[in-house]
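Dumped work15.tsv below, it's TSV, C-alpha atoms:
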chain	number	residue	atom	x	y	z
A	29	MET	CA	117.85	-115.11	-50.34
A	30	SER	CA	118.02	-116.43	-46.77
A	31	ASN	CA	121.18	-116.01	-44.73
A	32	ARG	CA	120.72	-119.36	-43.14
A	33	VAL	CA	123.04	-122.16	-44.31
A	34	SER	CA	121.87	-125.80	-44.05
A	35	ALA	CA	124.28	-128.55	-43.11
A	36	ALA	CA	122.71	-130.63	-45.90
A	37	ALA	CA	124.22	-128.25	-48.43
A	38	PHE	CA	127.65	-129.74	-47.76
A	39	PRO	CA	128.43	-133.07	-49.54
A	40	ALA	CA	128.91	-136.12	-47.33
A	41	ARG	CA	132.55	-137.13	-47.63
A	42	PRO	CA	134.59	-139.43	-45.40
A	43	PHE	CA	136.89	-136.62	-44.22
A	44	PHE	CA	133.96	-134.30	-43.47
A	45	ASN	CA	133.34	-135.52	-39.94
A	46	ARG	CA	130.76	-134.30	-37.48
A	47	LEU	CA	133.13	-131.89	-35.79
A	48	SER	CA	134.02	-130.11	-39.00
A	49	ARG	CA	130.35	-129.91	-39.94
A	50	GLN	CA	129.50	-128.35	-36.61
A	51	ALA	CA	132.35	-125.85	-37.00
A	52	VAL	CA	131.16	-124.79	-40.46
A	53	ILE	CA	127.57	-124.47	-39.27
A	54	ALA	CA	128.72	-122.36	-36.32
A	55	ALA	CA	130.78	-120.14	-38.65
A	56	ALA	CA	127.83	-119.71	-40.98
A	57	PHE	CA	125.59	-118.80	-38.06
A	58	LEU	CA	128.17	-116.25	-36.84
A	59	ALA	CA	128.44	-114.72	-40.32
A	60	SER	CA	124.67	-114.46	-40.50
A	61	SER	CA	124.61	-112.69	-37.14
A	62	LEU	CA	127.30	-110.24	-38.25
A	63	VAL	CA	125.39	-109.40	-41.40
A	64	GLY	CA	122.32	-108.67	-39.34
A	65	SER	CA	124.34	-106.60	-36.91
A	66	SER	CA	125.91	-104.57	-39.73
A	67	ALA	CA	122.53	-103.96	-41.27
A	68	GLN	CA	121.25	-102.73	-37.92
A	69	THR	CA	124.24	-100.36	-37.53
A	70	ALA	CA	123.76	-99.03	-41.05
A	71	SER	CA	120.09	-98.43	-40.39
A	72	ASP	CA	120.98	-96.39	-37.30
A	73	PHE	CA	123.22	-94.05	-39.32
A	74	ASN	CA	121.40	-90.92	-40.46
A	75	PRO	CA	123.09	-89.37	-43.53
A	76	SER	CA	120.78	-86.35	-43.41
A	77	ARG	CA	121.81	-85.54	-39.84
A	78	ALA	CA	125.50	-86.00	-40.69
A	79	ASN	CA	125.27	-83.56	-43.57
A	80	THR	CA	123.23	-81.00	-41.67
A	81	GLY	CA	126.13	-80.16	-39.37
A	82	THR	CA	128.97	-80.29	-41.92
A	83	LEU	CA	130.85	-77.24	-43.21
A	84	GLY	CA	133.74	-76.96	-45.64
A	85	ILE	CA	136.58	-74.56	-44.82
A	86	ILE	CA	138.99	-73.68	-47.62
A	87	SER	CA	142.45	-72.90	-46.28
A	88	GLY	CA	145.91	-72.86	-47.87
A	89	GLY	CA	148.80	-75.06	-48.94
A	90	ALA	CA	149.95	-78.09	-46.97
A	91	ASP	CA	153.01	-76.27	-45.58
A	92	GLY	CA	151.33	-73.02	-44.58
A	93	THR	CA	149.59	-71.62	-41.51
A	94	TYR	CA	146.05	-71.59	-42.97
A	95	ILE	CA	145.78	-75.38	-43.08
A	96	ARG	CA	146.99	-75.67	-39.49
A	97	ILE	CA	144.41	-73.13	-38.36
A	98	ALA	CA	141.68	-75.04	-40.23
A	99	ALA	CA	142.90	-78.29	-38.67
A	100	ASP	CA	142.66	-76.70	-35.21
A	101	LEU	CA	139.07	-75.70	-35.97
A	102	ALA	CA	138.23	-79.29	-36.89
A	103	ASN	CA	140.04	-80.81	-33.91
A	104	VAL	CA	138.36	-78.54	-31.38
A	105	LEU	CA	134.85	-78.23	-32.81
A	106	ASP	CA	134.08	-81.62	-34.35
A	107	GLY	CA	131.24	-83.40	-32.53
A	108	ASP	CA	127.79	-84.92	-32.95
A	109	GLU	CA	126.20	-81.66	-34.09
A	110	LEU	CA	129.07	-80.10	-36.05
A	111	ARG	CA	131.78	-81.36	-38.38
A	112	VAL	CA	134.42	-79.13	-39.96
A	113	LEU	CA	136.07	-80.31	-43.18
A	114	PRO	CA	139.40	-78.50	-43.83
A	115	MET	CA	140.33	-78.20	-47.51
A	116	ILE	CA	143.67	-77.36	-49.08
A	117	GLY	CA	143.26	-74.16	-51.08
A	118	ARG	CA	145.23	-72.18	-53.65
A	119	GLY	CA	145.52	-68.86	-51.84
A	120	SER	CA	143.40	-65.93	-50.68
A	121	LEU	CA	142.16	-64.73	-54.05
A	122	GLN	CA	141.11	-68.19	-55.18
A	123	ASN	CA	139.60	-68.87	-51.76
A	124	LEU	CA	137.26	-65.90	-52.22
A	125	ARG	CA	136.15	-67.23	-55.60
A	126	ASP	CA	135.64	-70.68	-54.09
A	127	ILE	CA	133.46	-69.31	-51.27
A	128	MET	CA	131.28	-67.52	-53.83
A	129	PHE	CA	130.99	-70.27	-56.44
A	130	LEU	CA	132.24	-73.69	-55.27
A	131	ARG	CA	129.71	-76.10	-53.79
A	132	GLY	CA	130.63	-77.41	-50.37
A	133	VAL	CA	132.76	-74.40	-49.45
A	134	ASP	CA	131.11	-72.33	-46.72
A	135	ILE	CA	134.03	-70.55	-45.06
A	136	GLY	CA	137.55	-69.57	-46.07
A	137	ILE	CA	140.70	-68.09	-44.53
A	138	VAL	CA	141.84	-65.08	-46.57
A	139	GLN	CA	143.98	-61.98	-46.39
A	140	MET	CA	142.17	-58.75	-45.61
A	141	ASP	CA	143.35	-57.07	-48.82
A	142	ALA	CA	142.38	-59.92	-51.16
A	143	ARG	CA	138.83	-58.79	-51.96
A	144	GLU	CA	140.12	-55.63	-53.63
A	145	GLN	CA	141.92	-57.74	-56.21
A	146	LEU	CA	138.67	-59.16	-57.57
A	147	LYS	CA	138.35	-56.03	-59.72
A	148	ALA	CA	140.27	-57.72	-62.52
A	149	ASP	CA	137.57	-60.42	-62.72
A	150	LYS	CA	134.79	-57.81	-62.45
A	151	LEU	CA	133.66	-59.62	-59.29
A	152	GLN	CA	134.14	-56.87	-56.72
A	153	ASP	CA	130.48	-55.81	-56.63
A	154	ASN	CA	129.48	-59.46	-56.38
A	155	ALA	CA	131.95	-59.94	-53.52
A	156	VAL	CA	130.68	-56.95	-51.55
A	157	LYS	CA	127.15	-58.34	-51.84
A	158	HIS	CA	127.86	-61.99	-51.12
A	159	LEU	CA	130.91	-62.07	-48.83
A	160	ARG	CA	130.91	-61.40	-45.09
A	161	TYR	CA	133.41	-62.09	-42.33
A	162	ILE	CA	133.09	-64.03	-39.07
A	163	THR	CA	136.12	-62.68	-37.24
A	164	ARG	CA	139.43	-60.97	-37.73
A	165	LEU	CA	142.16	-63.57	-37.26
A	166	TYR	CA	145.87	-62.78	-37.00
A	167	ASN	CA	148.58	-60.96	-38.90
A	168	GLU	CA	150.53	-62.84	-41.55
A	169	GLU	CA	154.17	-61.94	-41.90
A	170	VAL	CA	155.95	-61.43	-45.22
A	171	HIS	CA	158.89	-63.84	-45.46
A	172	ILE	CA	161.59	-63.17	-48.07
A	173	ILE	CA	164.29	-65.86	-48.09
A	174	ALA	CA	167.37	-64.71	-50.01
A	175	ASN	CA	171.04	-65.47	-50.48
A	176	ARG	CA	173.15	-63.91	-47.72
A	177	ASP	CA	174.98	-61.70	-50.22
A	178	ILE	CA	171.65	-59.88	-50.73
A	179	THR	CA	171.23	-57.57	-47.74
A	180	ASP	CA	168.73	-54.98	-49.01
A	181	ILE	CA	165.34	-55.66	-50.63
A	182	ARG	CA	166.19	-53.14	-53.37
A	183	GLN	CA	168.94	-55.49	-54.53
A	184	LEU	CA	166.17	-57.77	-55.81
A	185	ASP	CA	165.57	-55.35	-58.68
A	186	GLY	CA	166.13	-57.35	-61.87
A	187	LYS	CA	166.74	-60.61	-59.98
A	188	LYS	CA	164.57	-63.71	-60.24
A	189	VAL	CA	162.19	-63.89	-57.27
A	190	ASN	CA	159.49	-66.49	-56.67
A	191	ILE	CA	156.14	-65.05	-55.55
A	192	ASP	CA	154.01	-68.23	-55.50
A	193	LYS	CA	151.26	-69.26	-57.90
A	194	ALA	CA	148.82	-66.83	-59.48
A	195	GLY	CA	145.77	-66.23	-57.28
A	196	SER	CA	147.63	-66.82	-54.03
A	197	GLY	CA	147.80	-64.23	-51.29
A	198	THR	CA	151.59	-64.28	-51.50
A	199	ASN	CA	151.49	-63.48	-55.21
A	200	LEU	CA	149.08	-60.61	-54.62
A	201	THR	CA	150.95	-59.07	-51.68
A	202	SER	CA	154.38	-59.49	-53.29
A	203	ARG	CA	153.35	-57.53	-56.37
A	204	LEU	CA	151.86	-54.75	-54.24
A	205	ILE	CA	154.95	-54.45	-52.02
A	206	PHE	CA	157.40	-54.41	-54.93
A	207	GLU	CA	155.24	-51.84	-56.72
A	208	LYS	CA	155.07	-49.55	-53.66
A	209	LEU	CA	158.85	-49.78	-53.19
A	210	GLY	CA	159.59	-49.24	-56.89
A	211	ILE	CA	161.34	-52.61	-57.24
A	212	LYS	CA	161.02	-54.61	-60.47
A	213	PRO	CA	162.22	-58.19	-60.02
A	214	GLU	CA	161.88	-60.95	-62.59
A	215	VAL	CA	159.02	-62.85	-61.01
A	216	ALA	CA	158.57	-66.62	-61.00
A	217	THR	CA	155.38	-68.42	-59.93
A	218	PHE	CA	156.54	-71.80	-58.64
A	219	ASP	CA	154.67	-73.40	-55.74
A	220	GLN	CA	156.25	-72.93	-52.33
A	221	ALA	CA	157.64	-76.45	-52.01
A	222	SER	CA	159.45	-76.13	-55.35
A	223	SER	CA	160.85	-72.70	-54.52
A	224	TYR	CA	163.13	-73.99	-51.76
A	225	ALA	CA	164.83	-76.45	-54.09
A	226	LYS	CA	165.21	-73.76	-56.75
A	227	LEU	CA	166.78	-71.43	-54.19
A	228	LYS	CA	169.42	-74.02	-53.40
A	229	SER	CA	170.12	-74.71	-57.07
A	230	GLY	CA	170.51	-70.98	-57.82
A	231	GLU	CA	167.63	-70.90	-60.32
A	232	ILE	CA	166.04	-68.12	-58.25
A	233	GLN	CA	167.71	-65.61	-55.92
A	234	ALA	CA	164.84	-65.12	-53.45
A	235	ALA	CA	161.44	-66.54	-52.50
A	236	VAL	CA	158.50	-64.75	-50.91
A	237	TYR	CA	155.92	-66.40	-48.66
A	238	VAL	CA	153.15	-64.59	-46.77
A	239	ALA	CA	152.03	-66.68	-43.79
A	240	GLY	CA	151.71	-66.52	-40.03
A	241	ARG	CA	154.97	-67.26	-38.27
A	242	PRO	CA	156.33	-69.73	-37.53
A	243	VAL	CA	155.89	-71.53	-40.87
A	244	ARG	CA	156.96	-75.14	-40.45
A	245	ALA	CA	158.39	-75.52	-43.96
A	246	ILE	CA	160.54	-72.38	-43.56
A	247	ALA	CA	161.67	-73.36	-40.08
A	248	GLU	CA	162.73	-76.78	-41.42
A	249	PHE	CA	164.44	-75.35	-44.52
A	250	GLN	CA	168.05	-76.55	-44.45
A	251	THR	CA	169.93	-73.37	-45.28
A	252	GLU	CA	173.50	-74.67	-44.85
A	253	GLY	CA	174.35	-71.12	-43.84
A	254	ARG	CA	173.70	-69.77	-47.35
A	255	PHE	CA	170.37	-67.99	-46.82
A	256	HIS	CA	168.64	-65.57	-44.47
A	257	LEU	CA	165.39	-63.63	-44.09
A	258	LEU	CA	165.55	-60.26	-45.80
A	259	PRO	CA	164.32	-57.12	-43.96
A	260	ILE	CA	161.51	-55.03	-45.47
A	261	PRO	CA	161.28	-51.31	-44.61
A	262	PHE	CA	158.11	-49.89	-43.10
A	263	GLU	CA	157.97	-46.62	-45.02
A	264	GLY	CA	156.04	-44.53	-47.54
A	265	GLU	CA	152.95	-46.10	-49.07
A	266	ILE	CA	153.79	-49.38	-47.34
A	267	ALA	CA	152.69	-47.89	-44.00
A	268	GLU	CA	149.20	-47.22	-45.43
A	269	SER	CA	148.44	-50.86	-46.19
A	270	TYR	CA	150.49	-53.06	-43.86
A	271	PHE	CA	151.62	-53.46	-40.27
A	272	PRO	CA	155.21	-53.51	-38.97
A	273	ALA	CA	156.44	-56.89	-37.71
A	274	LYS	CA	159.65	-58.70	-36.76
A	275	PHE	CA	161.26	-62.11	-37.01
A	276	GLU	CA	163.38	-63.30	-34.11
A	277	THR	CA	165.92	-66.09	-33.77
A	278	LYS	CA	163.40	-68.23	-31.86
A	279	ASP	CA	161.09	-68.09	-34.91
A	280	TYR	CA	163.70	-69.27	-37.44
A	281	PRO	CA	167.08	-70.18	-35.85
A	282	GLN	CA	168.66	-71.01	-39.23
A	283	LEU	CA	167.55	-67.81	-40.94
A	284	VAL	CA	167.85	-65.15	-38.20
A	285	ASP	CA	171.22	-64.70	-36.52
A	286	SER	CA	171.27	-65.06	-32.74
A	287	GLY	CA	170.59	-61.85	-30.86
A	288	THR	CA	169.16	-60.04	-33.87
A	289	ALA	CA	165.69	-59.26	-35.22
A	290	ILE	CA	164.56	-58.81	-38.83
A	291	ASP	CA	162.06	-56.06	-39.65
A	292	THR	CA	159.26	-57.16	-41.95
A	293	LEU	CA	155.64	-56.42	-42.83
A	294	ALA	CA	152.39	-58.14	-41.97
A	295	VAL	CA	148.93	-58.24	-43.50
A	296	GLY	CA	145.75	-59.10	-41.60
A	297	SER	CA	143.71	-62.27	-42.21
A	298	LEU	CA	140.09	-63.14	-41.53
A	299	LEU	CA	137.47	-65.89	-41.69
A	300	ALA	CA	135.33	-65.06	-44.73
A	301	VAL	CA	131.91	-66.64	-45.30
A	302	PHE	CA	129.18	-66.62	-47.93
A	303	ASN	CA	126.22	-64.43	-47.03
A	304	TRP	CA	123.51	-67.10	-47.12
A	305	PRO	CA	119.81	-66.09	-46.85
A	306	GLU	CA	118.69	-65.98	-43.23
A	307	ASN	CA	117.24	-69.27	-41.89
A	308	SER	CA	118.33	-71.22	-44.98
A	309	ASP	CA	120.06	-74.58	-44.44
A	310	ARG	CA	123.55	-73.19	-45.13
A	311	TYR	CA	122.88	-70.13	-42.96
A	312	ASN	CA	121.95	-72.40	-40.05
A	313	ARG	CA	125.16	-74.38	-40.50
A	314	VAL	CA	127.19	-71.18	-40.32
A	315	ARG	CA	125.27	-70.11	-37.21
A	316	ARG	CA	125.98	-73.47	-35.56
A	317	PHE	CA	129.68	-73.08	-36.39
A	318	VAL	CA	129.83	-69.49	-35.08
A	319	ASN	CA	128.15	-70.40	-31.79
A	320	ALA	CA	130.52	-73.32	-31.21
A	321	PHE	CA	133.66	-71.44	-32.29
A	322	PHE	CA	133.01	-68.29	-30.23
A	323	SER	CA	131.76	-70.18	-27.17
A	324	ARG	CA	134.78	-72.49	-27.08
A	325	PHE	CA	137.43	-70.00	-28.15
A	326	ASP	CA	139.46	-70.49	-24.95
A	327	GLU	CA	140.27	-74.02	-26.16
A	328	PHE	CA	142.21	-72.56	-29.08
A	329	LEU	CA	144.58	-70.85	-26.64
A	330	GLN	CA	145.66	-74.11	-25.02
A	331	PRO	CA	149.08	-75.75	-25.59
A	332	GLY	CA	149.24	-77.73	-28.81
A	333	ARG	CA	147.29	-75.22	-30.87
A	334	HIS	CA	148.95	-72.81	-33.29
A	335	PRO	CA	150.45	-69.81	-31.42
A	336	LYS	CA	148.74	-67.39	-33.81
A	337	TRP	CA	145.42	-68.00	-32.00
A	338	LYS	CA	146.77	-65.84	-29.17
A	339	GLU	CA	146.64	-62.81	-31.48
A	340	VAL	CA	142.95	-63.17	-32.27
A	341	ASN	CA	140.43	-60.65	-30.93
A	342	LEU	CA	136.98	-61.97	-31.84
A	343	ALA	CA	135.37	-58.55	-31.49
A	344	ALA	CA	137.83	-56.68	-33.73
A	345	ASP	CA	136.31	-54.88	-36.71
A	346	VAL	CA	137.61	-55.25	-40.27
A	347	PRO	CA	137.54	-51.97	-42.25
A	348	GLY	CA	135.53	-52.29	-45.45
A	349	TRP	CA	133.93	-55.61	-44.45
A	350	GLU	CA	130.54	-56.40	-42.89
A	351	ARG	CA	130.31	-59.07	-40.19
A	352	VAL	CA	127.95	-61.99	-40.85
A	353	LYS	CA	124.73	-61.74	-38.80
A	354	PRO	CA	125.15	-64.87	-36.59
A	355	ALA	CA	128.57	-63.62	-35.49
A	356	GLN	CA	127.31	-60.11	-34.77
A	357	ASP	CA	124.33	-61.52	-32.87
A	358	TRP	CA	126.63	-63.66	-30.72
A	359	LEU	CA	128.90	-60.71	-29.93
A	360	ASP	CA	125.90	-58.54	-29.04
A	361	ARG	CA	124.69	-61.19	-26.58
A	362	ALA	CA	128.18	-61.66	-25.16
A	363	ALA	CA	128.61	-57.94	-24.58
A	364	THR	CA	126.44	-58.26	-21.47
A	365	THR	CA	128.84	-60.71	-19.80
A	366	SER	CA	132.33	-60.04	-18.49
A	367	SER	CA	133.77	-63.54	-18.90
A	368	THR	CA	133.83	-63.69	-22.69
A	369	PHE	CA	137.23	-63.27	-24.44
A	370	PRO	CA	138.77	-61.43	-21.42
A	371	GLN	CA	141.81	-60.24	-23.39
A	372	GLY	CA	139.68	-58.21	-25.80
A	373	GLN	CA	137.39	-56.88	-23.08
A	374	SER	CA	140.30	-55.86	-20.81
A	375	PHE	CA	141.78	-53.92	-23.71
A	376	GLU	CA	138.46	-52.30	-24.64
A	377	SER	CA	137.82	-51.36	-21.00
A	378	PHE	CA	141.22	-49.70	-20.82
A	379	MET	CA	140.65	-47.75	-24.05
A	380	ASN	CA	137.17	-46.64	-23.01
A	381	SER	CA	138.21	-45.65	-19.49
A	382	ARG	CA	140.90	-43.39	-20.93
A	383	GLY	CA	138.64	-41.97	-23.63
A	384	ILE	CA	141.15	-42.97	-26.30
A	385	THR	CA	139.83	-42.61	-29.86
A	386	VAL	CA	141.89	-44.07	-32.70
A	387	THR	CA	141.37	-45.51	-36.18
A	388	ALA	CA	140.62	-49.21	-36.65
A	389	GLU	CA	144.16	-49.80	-37.92
A	390	GLN	CA	145.70	-48.01	-34.94
A	391	ARG	CA	143.44	-49.92	-32.57
A	392	GLU	CA	144.64	-53.23	-34.03
A	393	ALA	CA	148.29	-52.19	-33.65
A	394	LEU	CA	147.68	-51.13	-30.03
A	395	PHE	CA	145.82	-54.36	-29.30
A	396	ARG	CA	148.75	-56.44	-30.50
A	397	GLU	CA	151.12	-54.39	-28.35
A	398	PHE	CA	148.72	-55.02	-25.45
A	399	LEU	CA	148.85	-58.77	-26.10
A	400	ALA	CA	152.66	-58.72	-26.23
A	401	TRP	CA	152.79	-56.76	-22.95
A	402	GLN	CA	150.33	-59.18	-21.35
A	403	SER	CA	152.34	-62.18	-22.56
A	404	ASP	CA	155.55	-60.71	-21.12
A	405	ARG	CA	153.86	-60.17	-17.77
A	406	GLN	CA	152.58	-63.75	-17.69
A	407	ARG	CA	156.04	-65.07	-18.58
A	408	LEU	CA	157.68	-63.04	-15.81
A	409	THR	CA	155.04	-64.23	-13.33
A	410	ARG	CA	155.66	-67.89	-14.24
A	411	ARG	CA	159.41	-67.37	-13.91
A	412	ALA	CA	158.99	-65.80	-10.48
A	413	VAL	CA	156.79	-68.69	-9.36
A	414	ARG	CA	159.39	-71.24	-10.52
A	415	GLN	CA	162.14	-69.38	-8.64
A	416	ASP	CA	160.06	-69.36	-5.45

Give the structure from this file in C-alpha cells form.
Amino acid sequence: MSNRVSAAAFPARPFFNRLSRQAVIAAAFLASSLVGSSAQTASDFNPSRANTGTLGIISGGADGTYIRIAADLANVLDGDELRVLPMIGRGSLQNLRDIMFLRGVDIGIVQMDAREQLKADKLQDNAVKHLRYITRLYNEEVHIIANRDITDIRQLDGKKVNIDKAGSGTNLTSRLIFEKLGIKPEVATFDQASSYAKLKSGEIQAAVYVAGRPVRAIAEFQTEGRFHLLPIPFEGEIAESYFPAKFETKDYPQLVDSGTAIDTLAVGSLLAVFNWPENSDRYNRVRRFVNAFFSRFDEFLQPGRHPKWKEVNLAADVPGWERVKPAQDWLDRAATTSSTFPQGQSFESFMNSRGITVTAEQREALFREFLAWQSDRQRLTRRAVRQD
C-alpha cells in the first residue's frame, strides 16, 4: 500500500475549504516522510553488532554493594563496542550456578569462599573446570545489627537471627561463622529488606548482612537509638578463613557510637566468569570486557564511584582459583609498563625490593594496610595544601 494520500480521497463538503485541504495534505505528506525516515533509521540499526558486545553481569540485591559495583561497570564501560547489563542476583552461591547454567550470564560478583559450598549440589568438580576469575575485588564486611542490650555475639545463642535467603553469600558466611564460634542461634531466612522491619517489631533479635561498607540500606536504617552493630572476635578458626575489619562512626553514624570502632570480619570477593572455549563468541566478549575494564580502571577511582573500588588490586591472586586467560594475558602485557595500576605496582616494588616473602592471604592484608597508609598520606597532603 502506498503512503501517499490523495486530496480526492476526502469528500467535498462546504466546510472543507481549500485551506483545510492543504493542511491535511501537508500533514499526510509529513507523516509519509516520517515513516520513511523511521524505516531508514531502523535499517541502519544492526542487531547482530549490538549483541556481539553485550555481556550480562549477575550481582546482588537492590540494597547491596554488588549491584552498585555492577552499575559502575555499566556506567564507565558502556559504549559502541561494549554494553554491560547488570542483573539483580540472589547471592554468591546462586550467582555461581547462574554463571555455569543460565543463558545470558557471563560474569558474576561472588564471595571467594562460595565455590566450596557447591559440594552439596555435587557441582564442585564442574565449578573447578568451568569457573575462572577476572580479578580479586574488595573485602566484604560482616554486619550484625542487634538490639543494644545484646553486647556480645555469644548472646545470640538460642535467639532468632536473620541470615538472608538460602543460597546467598550472607547465609553461607553466617552459618560458617556461627559454627566456628560454637554459637547456635535460631536462624530465619527473610530477605534483607524485610529483616529491618522485623528487627523493629521484635520478631527477630539480630540480622546479618555480608556486604562492602558502606551499605546504603544499613546507613539509612532508622534505629531510633535501639540498635547497634555487634562486634565479632577475630580468633581461633575464624582467623583461618576471614580478615579482620572495623566499622567506624563515619560508616554508620546511627549504629556506631561517636569516637568508637566496632571489630568485625571480612570475606574477599571477586569477578567470576565462565571459562568459554578460546576464540568462541562468548570468549571474545569476555576479552573485550577485560581489555576495557583493565585499561580504564583509573575511572573507577574517581569521585562518584563506590569507595570499595579503591581497595581493588587488579593483579592480586586468588588462592584456589585460576585467572581467565584474557585477564592473565592483559596483565602479562601490562607488566612491561610502569604506568598501569600504580598502587599495586608500588606495593609490589616495595615487597620485592625488601625480599619479603609472605602467603597470599598475608600479602592481601599487607596490601590493604598499604592502601590505608597511602590514603592517610594523601589526606594529610590535601589538608596541608588547603592550609597553605

Exercise for review: Quick one: everything within 8 Å of region 259-262 of chain A, counting only C-alpha atoms, minus sequence neighbours fewer than 2 positions away in the same chain. Send it as a count of residues only.
Suggested key: 14

**Study point:** Within 12 Å of Leu258 (chain A) using only C-alpha atoms, minus same-chain residues under 2 positions, as a ChimeraX atom specification
**Key:** /A:170-184,233-237,255-256,260-261,274-275,283-285,289-293

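Atom to atom, CA of Ala102 (chain A) and CA of Gly332 (chain A) stand 13.7 Å apart.
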
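For the residues A:Ala90, A:Leu165, A:Ala247, A:Ala194, ranking by smallest atom-to-atom distance to Lys336 (chain A) using all atoms listed in the file places A:Leu165 first.
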
Check your understanding: Suppose you want the space between CA of Val156 (chain A) and CA of Arg143 (chain A); what is it in Å?
Key -> 8.4 Å

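Between Gly136 (chain A) and the residues A:Gln152, A:Asn319, A:Ser87, A:Thr217, the shortest atom-to-atom distance, using only C-alpha atoms, involves A:Ser87.
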
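Across the model, the gap from CA of Ile127 (chain A) to CA of Arg316 (chain A) is 17.9 Å.
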
Atom completion result for region 249-265 of chain A (N, CA and C atoms) as a PDB file, in the frame of the given file:
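Dumped to out.pdb:
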ATOM      1  N   PHE A 249     163.624 -75.543 -43.319  1.00  0.00           N
ATOM      2  CA  PHE A 249     164.440 -75.350 -44.520  1.00  0.00           C
ATOM      3  C   PHE A 249     165.921 -75.423 -44.152  1.00  0.00           C
ATOM      4  N   GLN A 250     166.627 -76.362 -44.749  1.00  0.00           N
ATOM      5  CA  GLN A 250     168.050 -76.550 -44.450  1.00  0.00           C
ATOM      6  C   GLN A 250     168.870 -75.542 -45.249  1.00  0.00           C
ATOM      7  N   THR A 251     169.295 -74.482 -44.583  1.00  0.00           N
ATOM      8  CA  THR A 251     169.930 -73.370 -45.280  1.00  0.00           C
ATOM      9  C   THR A 251     171.415 -73.585 -45.536  1.00  0.00           C
ATOM     10  N   GLU A 252     172.059 -74.441 -44.735  1.00  0.00           N
ATOM     11  CA  GLU A 252     173.500 -74.670 -44.850  1.00  0.00           C
ATOM     12  C   GLU A 252     174.278 -73.360 -44.756  1.00  0.00           C
ATOM     13  N   GLY A 253     173.687 -72.400 -44.049  1.00  0.00           N
ATOM     14  CA  GLY A 253     174.350 -71.120 -43.840  1.00  0.00           C
ATOM     15  C   GLY A 253     174.340 -70.189 -45.036  1.00  0.00           C
ATOM     16  N   ARG A 254     173.647 -70.557 -46.111  1.00  0.00           N
ATOM     17  CA  ARG A 254     173.700 -69.770 -47.350  1.00  0.00           C
ATOM     18  C   ARG A 254     172.590 -68.725 -47.445  1.00  0.00           C
ATOM     19  N   PHE A 255     171.539 -68.849 -46.642  1.00  0.00           N
ATOM     20  CA  PHE A 255     170.370 -67.990 -46.820  1.00  0.00           C
ATOM     21  C   PHE A 255     169.968 -67.314 -45.510  1.00  0.00           C
ATOM     22  N   HIS A 256     169.182 -66.262 -45.637  1.00  0.00           N
ATOM     23  CA  HIS A 256     168.640 -65.570 -44.470  1.00  0.00           C
ATOM     24  C   HIS A 256     167.318 -64.907 -44.857  1.00  0.00           C
ATOM     25  N   LEU A 257     166.622 -64.373 -43.846  1.00  0.00           N
ATOM     26  CA  LEU A 257     165.390 -63.630 -44.090  1.00  0.00           C
ATOM     27  C   LEU A 257     165.745 -62.170 -44.311  1.00  0.00           C
ATOM     28  N   LEU A 258     165.201 -61.620 -45.374  1.00  0.00           N
ATOM     29  CA  LEU A 258     165.550 -60.260 -45.800  1.00  0.00           C
ATOM     30  C   LEU A 258     164.629 -59.241 -45.121  1.00  0.00           C
ATOM     31  N   PRO A 259     165.176 -58.146 -44.571  1.00  0.00           N
ATOM     32  CA  PRO A 259     164.320 -57.120 -43.960  1.00  0.00           C
ATOM     33  C   PRO A 259     163.541 -56.327 -45.006  1.00  0.00           C
ATOM     34  N   ILE A 260     162.351 -55.868 -44.610  1.00  0.00           N
ATOM     35  CA  ILE A 260     161.510 -55.030 -45.470  1.00  0.00           C
ATOM     36  C   ILE A 260     161.214 -53.740 -44.723  1.00  0.00           C
ATOM     37  N   PRO A 261     161.485 -52.582 -45.319  1.00  0.00           N
ATOM     38  CA  PRO A 261     161.280 -51.310 -44.610  1.00  0.00           C
ATOM     39  C   PRO A 261     159.808 -50.972 -44.474  1.00  0.00           C
ATOM     40  N   PHE A 262     159.461 -50.364 -43.337  1.00  0.00           N
ATOM     41  CA  PHE A 262     158.110 -49.890 -43.100  1.00  0.00           C
ATOM     42  C   PHE A 262     158.119 -48.382 -43.369  1.00  0.00           C
ATOM     43  N   GLU A 263     157.823 -48.011 -44.620  1.00  0.00           N
ATOM     44  CA  GLU A 263     157.970 -46.620 -45.020  1.00  0.00           C
ATOM     45  C   GLU A 263     157.035 -46.279 -46.177  1.00  0.00           C
ATOM     46  N   GLY A 264     156.812 -44.991 -46.388  1.00  0.00           N
ATOM     47  CA  GLY A 264     156.040 -44.530 -47.540  1.00  0.00           C
ATOM     48  C   GLY A 264     154.652 -45.141 -47.617  1.00  0.00           C
ATOM     49  N   GLU A 265     154.266 -45.527 -48.841  1.00  0.00           N
ATOM     50  CA  GLU A 265     152.950 -46.100 -49.070  1.00  0.00           C
ATOM     51  C   GLU A 265     152.756 -47.432 -48.359  1.00  0.00           C
TER      52      GLU A 265
END
